[in-house]
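Beneath this line is the structure, given in structure tokens, with notes to follow.
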Amino acid sequence: MARPTPAVLVTIVPSGDDREALLAAVASAAAVDVAAVHAGRVCPHCGSTDHGRPWATAAGRAVPVSTARTGGATALAVVRGTAVTDVALGIDLEQVARVAAAPLDAFGPAERRGLGGDADRAAAWAVKEAVLKRDGRGLRVDPTAVAVDLERSVARFAGRVQPVTVLWPAPGTVLAVAAGGLPVEVEDRVTPPVG
């Protein structure tokens with residue numbers, strides 16, 4: 001049987017029981033029964049499991065995951081492919097109106113010149129958050145440390161250029177994915193296989 005092509009699978013669901021939705025998304029991406037999936041959160045700074053970076057395993061193997069929430073919606077990202085367990089992954093989901101209303105001072109002069117309006121500003125902010133989540137420190141790092149070039153679909157951070165994907169899954173909603181250039185597929189719903 002051919003192995004699936006490595007990709008980031010993103011599912012956007014109504015906010016609610018995000019843990020159950022994440023378990024289902026991982027099960028679907030890994031082609032295992034949901035009973036074989038375990039997931040949680042852990043803060044790398046304080047060790048708490050009430051907040052922090054999400055993690056998941058499927059049939060005992062680590063599966064890269066990332067989550068984001070905005071305005072009643074949750075985006076769940078899972079890396080599909082058995083040989084990509086070491087991929088760092090970060091996503092962000094934002095509403096353009098929410099970012100436009102926020103007093104953000106997160107853009108350098110070159111970025112500001114390249115931003116055409118509220119949609120670009122929201123996309124650039126989402127990219128910054130996705131890159132910082134991928135890094136593992138999130139907003140503990142000053143977002144001005146991430147320079148976004150939407151036209152080239154890249155972000156420069158810590159001396160490295162990273163490819164990013166920016167998608168518009170609904171009017172006024174932007175999704176940014178930082179996953180080292182893996183292709184991104186947005187799924188409408190998750191149906192875990194029955195094992």
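Identifiers in this document derive from the order of the structure tokens: chains are assigned A, B, ..., residues are numbered from 1 separately in each chain, and ligands are numbered from 1 in order of occurrence.
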
As a ChimeraX atom specification, please: every residue in chain A that a backbone DSSP assignment puts in helix (DSSP H, G or I).
/A:18-30,34-36,96-101,109-114,118-135,138-140,143-145

Applying 7 Å and only C-alpha atoms, which residues near A:Gly90 remain after dropping the ones on its own chain fewer than 5 positions away? List them as a PyMOL selection string.
chain A and resi 66+130-131+133-134+177-179

Neighbouring residues of A:Gly16 were defined as those with any atom within 10 Å, considering only C-alpha atoms; residues of the same chain fewer than 3 positions away were excluded. Please report them as a VMD selection string.
chain A and resid 13 19 to 21 72 to 74

Do you know which residues are at most 6 Å from A:Gly52 counting only C-alpha atoms, after dropping those on the same chain fewer than 2 positions away, and could you put them as a VMD selection string?
chain A and resid 41 to 43

Suppose we keep all heavy atoms; can you now write the selection as a JSON list (two decimals), in the first residue's frame?
[["chain", "number", "residue", "atom", "x", "y", "z"],
["A", 41, "ARG", "N", -2.26, 18.95, 26.27],
["A", 41, "ARG", "CA", -1.48, 20.19, 26.19],
["A", 41, "ARG", "C", -0.42, 20.14, 27.27],
["A", 41, "ARG", "O", -0.63, 19.53, 28.32],
["A", 41, "ARG", "CB", -2.36, 21.41, 26.44],
["A", 41, "ARG", "CG", -3.37, 21.67, 25.37],
["A", 41, "ARG", "CD", -4.05, 23.02, 25.59],
["A", 41, "ARG", "NE", -4.78, 23.41, 24.43],
["A", 41, "ARG", "CZ", -4.26, 23.98, 23.35],
["A", 41, "ARG", "NH1", -2.99, 24.27, 23.31],
["A", 41, "ARG", "NH2", -5.00, 24.29, 22.32],
["A", 42, "VAL", "N", 0.69, 20.81, 27.02],
["A", 42, "VAL", "CA", 1.70, 20.96, 28.06],
["A", 42, "VAL", "C", 2.44, 22.27, 27.82],
["A", 42, "VAL", "O", 2.79, 22.61, 26.68],
["A", 42, "VAL", "CB", 2.67, 19.76, 28.13],
["A", 42, "VAL", "CG1", 3.53, 19.66, 26.87],
["A", 42, "VAL", "CG2", 3.54, 19.84, 29.37],
["A", 43, "CYS", "N", 2.60, 23.02, 28.87],
["A", 43, "CYS", "CA", 3.34, 24.28, 28.80],
["A", 43, "CYS", "C", 4.82, 23.98, 28.99],
["A", 43, "CYS", "O", 5.22, 23.43, 30.02],
["A", 43, "CYS", "CB", 2.86, 25.25, 29.88],
["A", 43, "CYS", "SG", 3.80, 26.80, 29.88]]

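With only C-alpha atoms as the atoms that count, the residue of A:Val78, A:Ala176, A:Ala122, A:Val63 with the shortest distance to A:Val99 is A:Ala122.
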